[in-house]
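Student: The following block contains the structure, expressed as structure tokens.
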Amino acid sequence: MFAIILAAGWPIWPLLFASIIAVALIIERATALRQSKIAPSGLLQSVIGEFRQSAITEESLRRLDTHSPLGRVFAAGLRNVKSTREVMKESIEEAGRGVEHELERFLTSLGTIASISPLMGLFGTVVGMIEIFGAQNAVGTNPQQLAHGISVALYNTGFGLIIAIPSMIAYRHFRARVDGLIVEMELQAVKLVEIVHGERK
């Protein structure tokens, strides 16, 4: 592996750095965007049960606020439970926007890496081509320099694609997961509002 890095020349180092960041972001998002961590099953039923027993206190709201992102949305709505349906819904929407922003954290960075990795590989290819043309001189071709230029050109192109393809797959996957989680939280929040205001059983 180290021999390949040496053969690829100095343009490979930014690609290696990008690959390390991409792996770290993929692991972090895979851990953070679990259903059980964002929108735990049974939370809505638990909150409704406490509400019907008049067990919603400031302490329980604080606990709900730190429980999960969905809990934060519920807590925002329950703090305005004595207000109108519209006010409660607005407070839930405000909390939901904050949660959505949190769920989308690092996705832009991952998408950027997926987009620029082929360009960084192309840059390495250009550097390799320059070295190939530099191998031509008045007395003939320098085979060693020619081989090095070809290595730089091919390895950087390949490595750029190796980084870009999984990064783009992961970006699309996490983007779809975030969208799904947001829809799930919206549906549960609407149910909470309707049950609290007696519009649904």
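So you can find residues: chains in the structure tokens are A, B, ... in the order shown, residues in each start at 1, and ligands are numbered from 1 in order.
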Per residue of region 19-136 of chain A within 9 Å of region 161-181 of chain A, note the shortest atom pair and the distance in Å to one decimal, counting only C-alpha atoms, and order the rows by chain and increasing residue number, as CSV.

Tutor:
```
residue,atom,partner,partner_atom,distance
A:Ser19,CA,A:Ile163,CA,5.9
A:Ala22,CA,A:Ser167,CA,6.5
A:Val23,CA,A:Ser167,CA,8.3
A:Ile26,CA,A:Ala170,CA,6.8
A:Arg29,CA,A:Phe174,CA,7.4
A:Ala30,CA,A:Phe174,CA,7.8
A:Leu33,CA,A:Val178,CA,7.4
A:Arg34,CA,A:Arg177,CA,9.0
A:Gln35,CA,A:Leu181,CA,7.4
A:Ile38,CA,A:Leu181,CA,7.5
A:Ala39,CA,A:Leu181,CA,7.2
A:Glu100,CA,A:Val178,CA,7.9
A:Leu103,CA,A:Val178,CA,6.4
A:Glu104,CA,A:Val178,CA,7.0
A:Leu107,CA,A:Tyr171,CA,6.4
A:Thr108,CA,A:Tyr171,CA,8.4
A:Leu110,CA,A:Tyr171,CA,6.2
A:Gly111,CA,A:Tyr171,CA,5.8
A:Ile113,CA,A:Ala164,CA,6.9
A:Ala114,CA,A:Ala164,CA,4.3
A:Ser115,CA,A:Ala164,CA,6.7
A:Ile116,CA,A:Ala164,CA,7.8
A:Ser117,CA,A:Ala164,CA,5.4
A:Pro118,CA,A:Leu161,CA,5.6
A:Gly121,CA,A:Leu161,CA,7.4
```

Student: Output as a tab-separated table one row per residue of region 128-191 of chain A within 12 Å of region 40-56 of chain A: the closest atom pair and its distance in Å to one decimal place, counting only C-alpha atoms, sorted by chain and residue number ascending.

Tutor:
```
residue	atom	partner	partner_atom	distance
A:Leu181	CA	A:Pro40	CA	10.6
A:Glu184	CA	A:Pro40	CA	10.6
A:Met185	CA	A:Leu44	CA	10.0
A:Glu186	CA	A:Leu44	CA	11.8
A:Leu187	CA	A:Leu44	CA	10.6
A:Gln188	CA	A:Leu44	CA	6.9
A:Ala189	CA	A:Leu44	CA	8.4
A:Val190	CA	A:Leu44	CA	10.7
A:Lys191	CA	A:Leu44	CA	8.5
```

Student: Write a file of the selected residues as a tab-separated table (two decimals), in the first residue's frame, keeping all heavy atoms.

Tutor:
```tsv
chain	number	residue	atom	x	y	z
A	181	LEU	N	-36.84	10.02	8.53
A	181	LEU	CA	-36.98	10.32	9.96
A	181	LEU	C	-37.79	11.59	10.19
A	181	LEU	O	-38.60	11.67	11.12
A	181	LEU	CB	-35.59	10.45	10.60
A	181	LEU	CG	-34.80	9.15	10.77
A	181	LEU	CD1	-33.35	9.45	11.15
A	181	LEU	CD2	-35.45	8.25	11.82
A	184	GLU	N	-41.42	10.81	9.64
A	184	GLU	CA	-41.92	10.03	10.78
A	184	GLU	C	-42.19	10.93	11.98
A	184	GLU	O	-43.22	10.81	12.65
A	184	GLU	CB	-40.89	8.95	11.14
A	184	GLU	CG	-41.21	8.14	12.38
A	184	GLU	CD	-42.44	7.25	12.23
A	184	GLU	OE1	-42.80	6.93	11.07
A	184	GLU	OE2	-43.04	6.91	13.25
A	185	MET	N	-41.26	11.85	12.27
A	185	MET	CA	-41.44	12.76	13.40
A	185	MET	C	-42.62	13.71	13.17
A	185	MET	O	-43.37	14.02	14.11
A	185	MET	CB	-40.15	13.54	13.67
A	185	MET	CG	-39.06	12.69	14.28
A	185	MET	SD	-37.66	13.65	14.90
A	185	MET	CE	-36.95	14.18	13.37
A	186	GLU	N	-42.79	14.16	11.93
A	186	GLU	CA	-43.92	15.05	11.62
A	186	GLU	C	-45.25	14.34	11.85
A	186	GLU	O	-46.18	14.92	12.43
A	186	GLU	CB	-43.82	15.51	10.15
A	186	GLU	CG	-42.77	16.58	9.91
A	186	GLU	CD	-42.67	16.94	8.43
A	186	GLU	OE1	-43.33	16.28	7.60
A	186	GLU	OE2	-41.91	17.88	8.11
A	187	LEU	N	-45.34	13.09	11.41
A	187	LEU	CA	-46.57	12.34	11.58
A	187	LEU	C	-46.90	12.13	13.06
A	187	LEU	O	-48.05	12.29	13.49
A	187	LEU	CB	-46.46	10.98	10.87
A	187	LEU	CG	-46.41	11.02	9.34
A	187	LEU	CD1	-46.14	9.63	8.78
A	187	LEU	CD2	-47.71	11.58	8.77
A	188	GLN	N	-45.87	11.80	13.84
A	188	GLN	CA	-46.10	11.59	15.27
A	188	GLN	C	-46.45	12.89	15.98
A	188	GLN	O	-47.29	12.91	16.89
A	188	GLN	CB	-44.86	10.94	15.90
A	188	GLN	CG	-44.59	9.54	15.40
A	188	GLN	CD	-43.76	8.73	16.37
A	188	GLN	OE1	-43.93	8.81	17.58
A	188	GLN	NE2	-42.86	7.93	15.83
A	189	ALA	N	-45.83	13.99	15.57
A	189	ALA	CA	-46.14	15.29	16.18
A	189	ALA	C	-47.57	15.71	15.88
A	189	ALA	O	-48.27	16.24	16.74
A	189	ALA	CB	-45.15	16.35	15.67
A	190	VAL	N	-48.03	15.47	14.65
A	190	VAL	CA	-49.42	15.79	14.28
A	190	VAL	C	-50.40	14.96	15.11
A	190	VAL	O	-51.41	15.46	15.60
A	190	VAL	CB	-49.64	15.55	12.77
A	190	VAL	CG1	-51.13	15.58	12.43
A	190	VAL	CG2	-48.90	16.59	11.95
A	191	LYS	N	-50.08	13.68	15.31
A	191	LYS	CA	-50.92	12.82	16.15
A	191	LYS	C	-51.02	13.37	17.56
A	191	LYS	O	-52.10	13.41	18.17
A	191	LYS	CB	-50.35	11.40	16.19
A	191	LYS	CG	-50.63	10.57	14.97
A	191	LYS	CD	-50.06	9.16	15.16
A	191	LYS	CE	-50.20	8.34	13.90
A	191	LYS	NZ	-49.59	7.00	14.05
```

Student: Got a sec to tell me which of region 20-69 of chain A DSSP assigns to alpha helix (DSSP H), as a PyMOL selection string?

Tutor: chain A and resi 20-32+35-38+43-52+58-67+69

Student: Considering only C-alpha atoms, return as an NGL selection string whatever protein or nucleic-acid residues lie within 9 Å of region 60-67 of chain A, sequence-local ones (same chain, fewer than 3 positions apart) excluded.

Tutor: :A and (37 or 47 or 55-57 or 70-76 or 78-79)

Student: Enumerate as a list of chain:residue names all residues of region 38-185 of chain A assigned to strand (DSSP E) by DSSP on the backbone, naming them with the chain letters and numbers the document uses.

Tutor: A:Gln136, A:Asn137, A:Gly140, A:Thr141

Student: Please write the residues from the selection above to a file, keeping all heavy atoms, as a PDB file, in the first residue's frame.

Tutor:
```pdb
ATOM      1  N   GLN A 136      10.130  13.905 -21.954  1.00  0.00           N
ATOM      2  CA  GLN A 136      10.668  14.108 -23.306  1.00  0.00           C
ATOM      3  C   GLN A 136      11.731  15.208 -23.254  1.00  0.00           C
ATOM      4  O   GLN A 136      11.491  16.293 -22.745  1.00  0.00           O
ATOM      5  CB  GLN A 136       9.536  14.546 -24.255  1.00  0.00           C
ATOM      6  CG  GLN A 136       8.306  13.667 -24.229  1.00  0.00           C
ATOM      7  CD  GLN A 136       8.537  12.321 -24.872  1.00  0.00           C
ATOM      8  OE1 GLN A 136       9.354  12.188 -25.764  1.00  0.00           O
ATOM      9  NE2 GLN A 136       7.820  11.297 -24.407  1.00  0.00           N
ATOM     10  N   ASN A 137      12.866  14.896 -23.745  1.00  0.00           N
ATOM     11  CA  ASN A 137      13.928  15.913 -23.808  1.00  0.00           C
ATOM     12  C   ASN A 137      14.677  15.782 -25.122  1.00  0.00           C
ATOM     13  O   ASN A 137      14.333  14.963 -25.982  1.00  0.00           O
ATOM     14  CB  ASN A 137      14.866  15.799 -22.594  1.00  0.00           C
ATOM     15  CG  ASN A 137      15.420  14.396 -22.418  1.00  0.00           C
ATOM     16  OD1 ASN A 137      15.829  13.760 -23.395  1.00  0.00           O
ATOM     17  ND2 ASN A 137      15.433  13.906 -21.179  1.00  0.00           N
ATOM     18  N   GLY A 140      16.095  12.253 -25.923  1.00  0.00           N
ATOM     19  CA  GLY A 140      15.193  11.108 -25.944  1.00  0.00           C
ATOM     20  C   GLY A 140      14.245  11.107 -24.753  1.00  0.00           C
ATOM     21  O   GLY A 140      14.030  12.137 -24.123  1.00  0.00           O
ATOM     22  N   THR A 141      13.720   9.934 -24.441  1.00  0.00           N
ATOM     23  CA  THR A 141      12.744   9.786 -23.369  1.00  0.00           C
ATOM     24  C   THR A 141      13.390   9.152 -22.143  1.00  0.00           C
ATOM     25  O   THR A 141      14.146   8.186 -22.268  1.00  0.00           O
ATOM     26  CB  THR A 141      11.579   8.890 -23.839  1.00  0.00           C
ATOM     27  OG1 THR A 141      10.982   9.487 -24.982  1.00  0.00           O
ATOM     28  CG2 THR A 141      10.532   8.744 -22.753  1.00  0.00           C
TER      29      THR A 141
END
```

Student: Taking only C-alpha atoms into account, which of A:Gly124, A:Ile150, A:Ser36, A:Gly160 comes nearest Trp10 (chain A)?

Tutor: A:Gly124

Student: Considering only C-alpha atoms, state which residue in the set A:His197, A:Ile182, A:Leu119, A:Glu59 is at the smallest distance from Glu93 (chain A).

Tutor: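 Counting only C-alpha atoms, the residue closest to Glu93 (chain A) is A:Ile182.
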
Student: Rounded to one decimal place, report the CA of Leu16 (chain A)-CA of Asn156 (chain A) distance in Å.

Tutor: 10.2 Å

Student: Can you pull out the residues contacting Lys89 (chain A)? Cut-off 9 Å, using only C-alpha atoms, and skip same-chain residues under 5 positions away; I want them as a PyMOL selection string.

Tutor: chain A and resi 77+80+84+94+189-190+193

Student: Save out the residues we just selected, N, CA and C atoms, as a short mmCIF file (atom, residue, chain, number, x, y, z; two decimals), in the first residue's frame.

Tutor:
```cif
data_model
loop_
_atom_site.label_atom_id
_atom_site.label_comp_id
_atom_site.auth_asym_id
_atom_site.auth_seq_id
_atom_site.Cartn_x
_atom_site.Cartn_y
_atom_site.Cartn_z
N GLY A 77 -43.98 21.14 21.98
CA GLY A 77 -45.43 21.23 21.83
C GLY A 77 -46.15 21.22 23.17
N ASN A 80 -46.64 24.30 25.25
CA ASN A 80 -47.71 25.21 24.81
C ASN A 80 -49.04 24.48 24.72
N THR A 84 -53.61 27.58 21.88
CA THR A 84 -54.44 27.06 20.78
C THR A 84 -53.68 26.00 19.99
N GLU A 94 -41.12 24.87 14.94
CA GLU A 94 -39.86 25.54 15.25
C GLU A 94 -38.83 24.55 15.79
N ALA A 189 -45.83 13.99 15.57
CA ALA A 189 -46.14 15.29 16.18
C ALA A 189 -47.57 15.71 15.88
N VAL A 190 -48.03 15.47 14.65
CA VAL A 190 -49.42 15.79 14.28
C VAL A 190 -50.40 14.96 15.11
N VAL A 193 -50.63 16.50 18.60
CA VAL A 193 -51.44 17.72 18.63
C VAL A 193 -52.92 17.37 18.56
#
```

Student: May I ask for the distance between CA of Ala153 (chain A) and CA of Pro14 (chain A), given in Å to one decimal place?

Tutor: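 Atom-to-atom, CA of Ala153 (chain A) to CA of Pro14 (chain A), that is 14.7 Å.
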
Student: Quick check, in Å to one decimal: how far apart do CA of Val126 (chain A) and CA of Ser151 (chain A) lie?

Tutor: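 Computing it gives 11.7 Å between the two atoms.
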